Amino acid sequence: MQQMAFQKAASLSDLKADEVTGVSIAESSVALYLIDGQPFATSDLCTHEECPLSEEGEVVGNEVHCLCHGSKFDIRTGAVIDPPATEPLPTYAVELRGQDVYVDLG
Amino acid sequence: MTETFVIVGASLAGGNAAITLRQEGFEGRVILIGAEHNLPYERPPLSKQYLRGETAAEKAFLRPPEFYTSNNIETRLGVSVRRVDTASKSVELDGGEIIEYDKLLITTGGRNRHPPIPGIDLPGVYGLRTLEDADAIRAEAQPGKNAVVVGMGFIGSEVTASLRTIGVNVTVVEGKDSPLGGILGPEISRYIEKVHRENGVEMHFSEIVSSFDGTDHVERVTTRGGLRLDCDFAVIGVGIQPVTDIVTDTGMKLENGIVVDEYCRTSIEDVFAAGDVANHFHPLAGSHIRVEHWQNAIHQGTAAAKSMMGRGSPYEEIHWFWSDQYDMNIQYAGFNAEADEVVMRGNPEDGRFISFRLKDGVLIACAAINRSRDLQRSIPLIAARKHLDVSQLQDETVDLRSLAKN
């Protein structure tokens with residue numbers, strides 16, 4: 001039976017609604033979000049030109065907007081909502097264990 | 001009854017219109033006609049990452065070829081439209097073929113200005129609009145070569161930054177007294193000029209090219225002021241003219257491009273226009289404007305498609321554009337009108353700042369260097385057109401989103 005490789009990413013208190021929080025997990029850049037009290041995780045790198053969303057991203061509702069060139073993604077699914085990005089943003093499974101946010105990079 | 005929607009111009013606006021028609025469920029024929037031999041692609045990479053050899057051409061394409069076939073979008077590429085006959089509702093292609101339409105969208109964009117300067121047709125003197133143009137420049141742009149760039153608008157300044165980045169020596173000749181022609185305001189353009197200078201670019205302002213000299217290839221650029229600039233090649237970026245030839249004898253209202261209302265409708269029924277060619281009525285500006293931005297091509301192409309399907313809404317986009325040069329992400333949003341007050345947040349010395357341009361206390365535009373978050377948060381303020389307290393704009397501790405709430 002395969003063990004899911006969840007790793008601790010942050011404390012829930014580190015995350016804020018309407019903000020992108022960047023963390024490094026096993027040398028991967030991961031972006032964390034808080035939507036209606038639920039944590040979500042995606043790659044921190046916009047799929048257009050790899051601008052880091054933790055620095056250049058803006059959360060609007062369920063979307064993260066990359067402010068470099070305007071790409072928009074659905075945080076929950078990674079789907080592209082607006083170009084120039086055409087490839088979806090990788091998303092990662094998240095588990096809340098107590099007050100700790102765990103992410104599985106898959 | 002199956003309707004046929006024809007789109008003339010297969011670039012960003014036309015391509016996005018075709019995509020939107022299918023996304024919105026249009027089931028009639030969609031025929032996308034383009035003079036270039038390529039499927040729709042976006043042009044911004046041509047002066048940036050593609051020119052520098054960092055990305056492949058494929059990345060610039062809107063969709064892969066399979067998308068068009070699987071979505072039943074008929075494409076006629078490498079074909080020019082000779083003329084549009086709005087009386088019989090048909091377009092005539094070069095070669096004589098006639099295609100009838102129920103609705104027509106014109107997204108023919110612009111063509112580069114080609115001023116009557118002696119020697120401008122010498123090999124080695126390039127414009128930049130198409131993939132082929134970018135490939136031609138790339139072939140000449142080797143480290144250590146000398147280039148003259150004519151024009152320091154967006155194309156000229158981006159090409160300059162890209163050429164410098166790959167080791168080409170660049171000298172710029174610009175007719176105005178600063179880069180980017182006053183669009184961004186002096187605070188921003190002075191900073192951009194400084195960054196170019198720090199990167200080793202030689203710039204000559206208030207200078208006009210009088211000739212390109214050489215026998216089989218350009219070897220030198222001469223200016224009216226008497227400068228003689230030796231070069232291995234030259235790139236000209238002095239603006240575009242909207243392409244309206246195919247409708248000149250239809251009686252369509254033309255002025256600075258094709259005049260359209262806020263639903264992208266031309267003065268002729270069932271004919272629409274969008275993108276660089278469209279001089280569109282903007283409800284918030286209260287006047288017609290024509291913009292040459294990537295964002296407008298995408299969003300207006302989409303808006304026109306919805307209008308063609310009878311489900312359009314007024315196109316009130318706050319125009320926004322970006323330009324990447326060296327480490328600068330330059331952004332601008334709003335209206336290109338005269339400001340009577342300009343305030344700043346942040347400092348040029350820090351390499352990240354934003355200027356707010358106001359008229360009668362209302363924010364009409366902002367320009368930013370490496371402060372895209374604040375610029376994006378200011379866009380609702382421009383749309384709201386409310387009076388603002390300038391000290392709150394300047395105060396770094398004030399979240400601009402809070403100013404939009406009432």
# chains A, B, ... in the order shown; residues from 1 in each chain; ligands from 1

call {"tool": "residues_around", "arguments": {"residues": "segment 86-101 of chain A", "least_positions_apart": "4", "cutoff": "9 Å", "atoms": "only C-alpha atoms", "output": "ChimeraX atom specification"}}
result
/A:6-13,30,38-48,71,73-80,82,105-106 /B:62-63

call {"tool": "interface_residues", "arguments": {"of": "chain B", "to": "chain A", "cutoff": "7 Å", "atoms": "only C-alpha atoms", "output": "MDAnalysis selection string"}}
result
chainID B and resid 322 329 372:373

call {"tool": "write_last_selection", "arguments": {"atoms": "N, CA and C atoms", "output": "PDB file, in the first residue's frame"}}
result
ATOM      1  N   TRP B 322       1.453  45.871 -20.556  1.00  0.00           N
ATOM      2  CA  TRP B 322       2.710  45.616 -19.850  1.00  0.00           C
ATOM      3  C   TRP B 322       3.842  45.558 -20.859  1.00  0.00           C
ATOM      4  N   ASN B 329       9.356  45.169 -15.008  1.00  0.00           N
ATOM      5  CA  ASN B 329       8.016  44.833 -15.492  1.00  0.00           C
ATOM      6  C   ASN B 329       7.254  46.149 -15.447  1.00  0.00           C
ATOM      7  N   SER B 372       3.296  45.756  -9.926  1.00  0.00           N
ATOM      8  CA  SER B 372       2.075  45.365 -10.632  1.00  0.00           C
ATOM      9  C   SER B 372       0.910  45.149  -9.686  1.00  0.00           C
ATOM     10  N   ARG B 373       1.177  44.720  -8.459  1.00  0.00           N
ATOM     11  CA  ARG B 373       0.068  44.476  -7.525  1.00  0.00           C
ATOM     12  C   ARG B 373      -0.690  45.771  -7.256  1.00  0.00           C
TER      13      ARG B 373
END

call {"tool": "residues_around", "arguments": {"residues": "segment 85-97 of chain B", "least_positions_apart": "4", "cutoff": "9 Å", "atoms": "only C-alpha atoms", "output": "PyMOL selection string"}}
result
chain B and resi 6+8+79-81+101-104+247+249-250+268-271

call {"tool": "write_last_selection", "arguments": {"atoms": "all heavy atoms", "output": "compact mmCIF listing (two decimals), in the first residue's frame"}}
result
# COMPACT_ATOMS: atom_id res chain seq x y z
N VAL B 6 -17.83 34.93 -40.69
CA VAL B 6 -16.50 35.02 -41.29
C VAL B 6 -15.67 36.02 -40.50
O VAL B 6 -16.16 37.09 -40.12
CB VAL B 6 -16.60 35.48 -42.77
CG1 VAL B 6 -15.22 35.77 -43.35
CG2 VAL B 6 -17.31 34.40 -43.60
N VAL B 8 -12.09 38.07 -40.71
CA VAL B 8 -10.97 38.42 -41.57
C VAL B 8 -9.85 38.99 -40.72
O VAL B 8 -9.96 40.09 -40.17
CB VAL B 8 -11.38 39.46 -42.65
CG1 VAL B 8 -10.17 39.84 -43.49
CG2 VAL B 8 -12.49 38.89 -43.52
N VAL B 79 -3.87 33.76 -47.14
CA VAL B 79 -4.81 34.26 -48.15
C VAL B 79 -5.21 35.68 -47.78
O VAL B 79 -5.64 35.91 -46.65
CB VAL B 79 -6.09 33.38 -48.16
CG1 VAL B 79 -7.13 33.94 -49.10
CG2 VAL B 79 -5.74 31.95 -48.53
N SER B 80 -5.12 36.59 -48.72
CA SER B 80 -5.59 37.95 -48.46
C SER B 80 -7.02 38.11 -48.93
O SER B 80 -7.43 37.46 -49.90
CB SER B 80 -4.72 38.96 -49.20
OG SER B 80 -3.44 38.99 -48.65
N VAL B 81 -7.74 38.97 -48.26
CA VAL B 81 -9.07 39.34 -48.74
C VAL B 81 -8.89 40.54 -49.64
O VAL B 81 -8.27 41.53 -49.26
CB VAL B 81 -10.00 39.68 -47.56
CG1 VAL B 81 -11.25 40.39 -48.03
CG2 VAL B 81 -10.35 38.41 -46.79
N TYR B 101 -21.22 35.64 -46.12
CA TYR B 101 -21.30 35.63 -44.66
C TYR B 101 -22.68 36.06 -44.21
O TYR B 101 -23.37 36.80 -44.90
CB TYR B 101 -20.25 36.55 -44.03
CG TYR B 101 -20.40 38.03 -44.36
CD1 TYR B 101 -21.29 38.85 -43.65
CD2 TYR B 101 -19.63 38.63 -45.36
CE1 TYR B 101 -21.43 40.20 -43.94
CE2 TYR B 101 -19.75 39.98 -45.66
CZ TYR B 101 -20.65 40.76 -44.96
OH TYR B 101 -20.78 42.09 -45.25
N ASP B 102 -23.04 35.62 -43.00
CA ASP B 102 -24.22 36.19 -42.34
C ASP B 102 -23.75 37.32 -41.42
O ASP B 102 -24.40 38.36 -41.29
CB ASP B 102 -24.95 35.12 -41.53
CG ASP B 102 -25.60 34.10 -42.44
OD1 ASP B 102 -26.57 34.49 -43.12
OD2 ASP B 102 -25.12 32.95 -42.51
N LYS B 103 -22.61 37.09 -40.78
CA LYS B 103 -22.00 38.15 -39.99
C LYS B 103 -20.49 38.12 -40.26
O LYS B 103 -19.91 37.07 -40.53
CB LYS B 103 -22.24 37.97 -38.50
CG LYS B 103 -23.73 38.03 -38.17
CD LYS B 103 -24.04 38.59 -36.82
CE LYS B 103 -25.56 38.77 -36.73
NZ LYS B 103 -26.15 38.27 -35.54
N LEU B 104 -19.90 39.31 -40.22
CA LEU B 104 -18.49 39.45 -40.55
C LEU B 104 -17.77 40.18 -39.42
O LEU B 104 -18.28 41.18 -38.90
CB LEU B 104 -18.37 40.27 -41.85
CG LEU B 104 -16.97 40.66 -42.32
CD1 LEU B 104 -16.19 39.42 -42.74
CD2 LEU B 104 -17.05 41.65 -43.47
N VAL B 247 -12.24 47.56 -46.85
CA VAL B 247 -13.60 48.10 -46.72
C VAL B 247 -13.71 49.55 -47.19
O VAL B 247 -14.73 50.20 -46.98
CB VAL B 247 -14.13 48.00 -45.26
CG1 VAL B 247 -14.34 46.56 -44.88
CG2 VAL B 247 -13.20 48.70 -44.28
N ASP B 249 -14.28 50.95 -49.99
CA ASP B 249 -15.35 51.37 -50.89
C ASP B 249 -16.74 50.86 -50.47
O ASP B 249 -17.66 50.80 -51.26
CB ASP B 249 -15.04 50.96 -52.35
CG ASP B 249 -14.89 49.45 -52.47
OD1 ASP B 249 -15.00 48.74 -51.44
OD2 ASP B 249 -14.66 48.98 -53.60
N THR B 250 -16.85 50.52 -49.18
CA THR B 250 -18.16 50.04 -48.70
C THR B 250 -18.98 51.16 -48.09
O THR B 250 -20.14 50.96 -47.75
CB THR B 250 -17.97 48.98 -47.60
OG1 THR B 250 -17.24 49.57 -46.52
CG2 THR B 250 -17.24 47.76 -48.12
N ILE B 268 -22.00 49.47 -40.56
CA ILE B 268 -22.73 48.61 -41.50
C ILE B 268 -23.27 47.39 -40.76
O ILE B 268 -22.53 46.72 -40.02
CB ILE B 268 -21.82 48.19 -42.67
CG1 ILE B 268 -21.41 49.44 -43.45
CG2 ILE B 268 -22.52 47.18 -43.58
CD1 ILE B 268 -20.67 49.18 -44.73
N GLU B 269 -24.54 47.13 -40.99
CA GLU B 269 -25.20 46.04 -40.27
C GLU B 269 -24.49 44.71 -40.49
O GLU B 269 -24.04 44.40 -41.59
CB GLU B 269 -26.64 45.92 -40.77
CG GLU B 269 -27.53 45.21 -39.78
CD GLU B 269 -28.98 45.14 -40.24
OE1 GLU B 269 -29.30 45.84 -41.23
OE2 GLU B 269 -29.75 44.41 -39.62
N ASP B 270 -24.42 43.94 -39.41
CA ASP B 270 -23.83 42.59 -39.44
C ASP B 270 -22.33 42.58 -39.68
O ASP B 270 -21.75 41.51 -39.91
CB ASP B 270 -24.50 41.69 -40.49
CG ASP B 270 -25.96 41.41 -40.14
OD1 ASP B 270 -26.29 41.42 -38.93
OD2 ASP B 270 -26.76 41.20 -41.06
N VAL B 271 -21.70 43.77 -39.60
CA VAL B 271 -20.25 43.81 -39.71
C VAL B 271 -19.67 44.37 -38.41
O VAL B 271 -20.09 45.42 -37.94
CB VAL B 271 -19.77 44.66 -40.91
CG1 VAL B 271 -18.25 44.61 -41.02
CG2 VAL B 271 -20.42 44.17 -42.19

call {"tool": "select_by_dssp", "arguments": {"residues": "chain A", "states": "strand (DSSP E or B)", "output": "PyMOL selection string"}}
result
chain A and resi 6-11+17+21-25+28-35+38-43+45+52+57-60+63-66+72-74+80-82+91-97+100-104

call {"tool": "residues_around", "arguments": {"residues": "Ser54 of chain A", "least_positions_apart": "6", "cutoff": "8 Å", "atoms": "only C-alpha atoms", "output": "ChimeraX atom specification"}}
result
/A:20-22,31,44

call {"tool": "closest_residue", "arguments": {"among": "B:Leu21, B:Ala278, B:Ile183, B:Val172", "to": "Arg197 of chain B", "atoms": "only C-alpha atoms"}}
result
B:Val172

call {"tool": "atom_distance", "arguments": {"atom1": "atom CA of Gln331 of chain B", "atom2": "atom CA of Arg371 of chain B"}}
result
8.2 Å

call {"tool": "residues_around", "arguments": {"residues": "Leu358 of chain B", "least_positions_apart": "6", "cutoff": "12 Å", "atoms": "only C-alpha atoms", "output": "list in words"}}
result
Gly185, Gly334, Phe335, Asn336, Ala337, Glu338, Ala339, Asp340, Glu341, Val342, Val343, Met344, Ile364, Ala365, Cys366, Ala367, Leu381, Ile382, Arg385, Lys386, His387, Leu388, Asp389, Val390 and Leu393 of chain B

call {"tool": "atom_distance", "arguments": {"atom1": "atom CA of Gly124 of chain B", "atom2": "atom CA of Tyr41 of chain B"}}
result
24.9 Å

call {"tool": "residues_around", "arguments": {"residues": "segment 54-58 of chain B", "least_positions_apart": "6", "cutoff": "12 Å", "atoms": "only C-alpha atoms", "output": "PyMOL selection string"}}
result
(chain A and resi 48-49) or (chain B and resi 38-48+64-65+130-132+134-135+138+162+165-166)

call {"tool": "residues_around", "arguments": {"residues": "segment 22-35 of chain B", "least_positions_apart": "2", "cutoff": "7 Å", "atoms": "only C-alpha atoms", "output": "list in words"}}
result
Thr2, Glu3, Thr4, Phe5, Val6, Ile7, Val8, Gly9, Ala10, Ala18, Ile19, Thr20, His37, Asn71, Ile73, Glu74, Thr75, Arg76, Leu77, Gly78, Val79 and Ser80 of chain B

call {"tool": "write_last_selection", "arguments": {"atoms": "C-alpha atoms", "output": "tab-separated table (two decimals), in the first residue's frame"}}
result
chain	number	residue	atom	x	y	z
B	2	THR	CA	-26.83	27.34	-40.51
B	3	GLU	CA	-25.30	30.74	-40.21
B	4	THR	CA	-21.82	31.53	-41.48
B	5	PHE	CA	-19.62	33.86	-39.48
B	6	VAL	CA	-16.50	35.02	-41.29
B	7	ILE	CA	-13.51	36.52	-39.49
B	8	VAL	CA	-10.97	38.42	-41.57
B	9	GLY	CA	-7.65	38.64	-39.75
B	10	ALA	CA	-6.32	35.57	-37.99
B	18	ALA	CA	-13.24	32.19	-33.21
B	19	ILE	CA	-12.43	30.42	-29.93
B	20	THR	CA	-15.14	32.37	-28.11
B	37	HIS	CA	0.70	31.62	-43.24
B	71	ASN	CA	-13.76	22.62	-33.03
B	73	ILE	CA	-13.09	26.27	-37.18
B	74	GLU	CA	-12.26	26.51	-40.87
B	75	THR	CA	-9.02	28.35	-41.48
B	76	ARG	CA	-7.84	29.95	-44.72
B	77	LEU	CA	-4.26	30.99	-44.08
B	78	GLY	CA	-1.81	32.78	-46.37
B	79	VAL	CA	-4.81	34.26	-48.15
B	80	SER	CA	-5.59	37.95	-48.46

call {"tool": "atom_distance", "arguments": {"atom1": "atom CA of Gly239 of chain B", "atom2": "atom CA of Asn112 of chain B"}}
result
6.0 Å

call {"tool": "closest_residue", "arguments": {"among": "B:Phe233, B:Pro380, B:Ala273, B:Thr108", "to": "Met252 of chain B", "atoms": "only C-alpha atoms"}}
result
B:Ala273
